[in-house]
Amino acid sequence: MFESAGLAKAVAGVFLTLLWVVVFLTHRYLRKLQKERPELMARVGIVRIDWWIGCLKGMFLLGFTDSGAGLPTFERWLLRIASVGYPLFLLIGGVYMLLASNGHGP
């Protein structure tokens with residue numbers, strides 16, 4: 001797909017940087033929601049902001065369903081990107097580590 005390993009690393013670096021910024025902003029917004037609207041957090045199943053399955057499921061519900069309909073558009077997009085991008089990053093990282101440990105990685 002990429003003609004050089006340098007370009008692939010640059011694209012991966014940009015993707016990881018953007019994902020880090022999104023996760024940081026999402027975490028700040030979740031803390032704000034926890035203080036201002038704890039009933040909304042409880043309704044979607046977020047007990048703690050711990051980035052485990054229950055928290056990710058609640059973020060997904062807030063971002064993609066009517067549960068988060070009253071939230072600002074930018075914050076809903078943050079929740080959408082983080083709830084899909086963060087698990088995807090973990091999955092890709094896990095596959096990469098497995099391939100690298102078997103001698104198939106770079």
# chains A, B, ... in the order shown; residues from 1 in each chain; ligands from 1

$ select_by_dssp --residues "region 16-98 of chain A" --states "alpha helix (DSSP H)" --output "ChimeraX atom specification"
/A:16-36,38-43,53-64,73-98

$ residues_around --residues "Leu62 (chain A)" --least-positions-apart "6" --cutoff "9 Å" --atoms "only C-alpha atoms" --output "PyMOL selection string"
chain A and resi 40-41+44+68-69+71+76+79-80

$ atom_distance --atom1 "CA of Gly58 (chain A)" --atom2 "CA of Pro38 (chain A)"
12.5 Å

$ closest_residue --among "A:Gly6, A:Gly85, A:Gly63, A:Leu99" --to "Trp20 (chain A)" --atoms "only C-alpha atoms"
A:Gly85

$ atom_distance --atom1 "CA of Asp50 (chain A)" --atom2 "CA of Thr65 (chain A)"
21.1 Å

$ residues_around --residues "Gly54 (chain A)" --least-positions-apart "6" --cutoff "10 Å" --atoms "only C-alpha atoms" --output "list of chain:residue names"
A:Val44, A:Gly45, A:Ile46, A:Val47, A:Arg48, A:Phe60

$ write_last_selection --atoms "N, CA, C and O atoms" --output "mmCIF file, in the first residue's frame"
data_model
loop_
_atom_site.group_PDB
_atom_site.id
_atom_site.type_symbol
_atom_site.label_atom_id
_atom_site.label_comp_id
_atom_site.auth_asym_id
_atom_site.auth_seq_id
_atom_site.Cartn_x
_atom_site.Cartn_y
_atom_site.Cartn_z
ATOM 1 N N VAL A 44 -26.317 5.460 30.750
ATOM 2 C CA VAL A 44 -25.646 4.694 29.688
ATOM 3 C C VAL A 44 -24.671 3.666 30.241
ATOM 4 O O VAL A 44 -24.011 2.972 29.482
ATOM 5 N N GLY A 45 -24.562 3.570 31.561
ATOM 6 C CA GLY A 45 -23.767 2.515 32.169
ATOM 7 C C GLY A 45 -22.335 2.879 32.519
ATOM 8 O O GLY A 45 -21.530 2.005 32.826
ATOM 9 N N ILE A 46 -21.993 4.157 32.472
ATOM 10 C CA ILE A 46 -20.643 4.556 32.844
ATOM 11 C C ILE A 46 -20.615 4.777 34.351
ATOM 12 O O ILE A 46 -21.188 5.729 34.863
ATOM 13 N N VAL A 47 -19.959 3.863 35.055
ATOM 14 C CA VAL A 47 -19.832 3.967 36.505
ATOM 15 C C VAL A 47 -18.567 4.757 36.840
ATOM 16 O O VAL A 47 -18.571 5.622 37.707
ATOM 17 N N ARG A 48 -17.481 4.432 36.150
ATOM 18 C CA ARG A 48 -16.190 5.108 36.305
ATOM 19 C C ARG A 48 -15.631 5.408 34.932
ATOM 20 O O ARG A 48 -15.904 4.685 33.973
ATOM 21 N N PHE A 60 -19.977 4.853 23.464
ATOM 22 C CA PHE A 60 -20.587 4.520 22.184
ATOM 23 C C PHE A 60 -22.060 4.916 22.176
ATOM 24 O O PHE A 60 -22.550 5.513 21.222
#
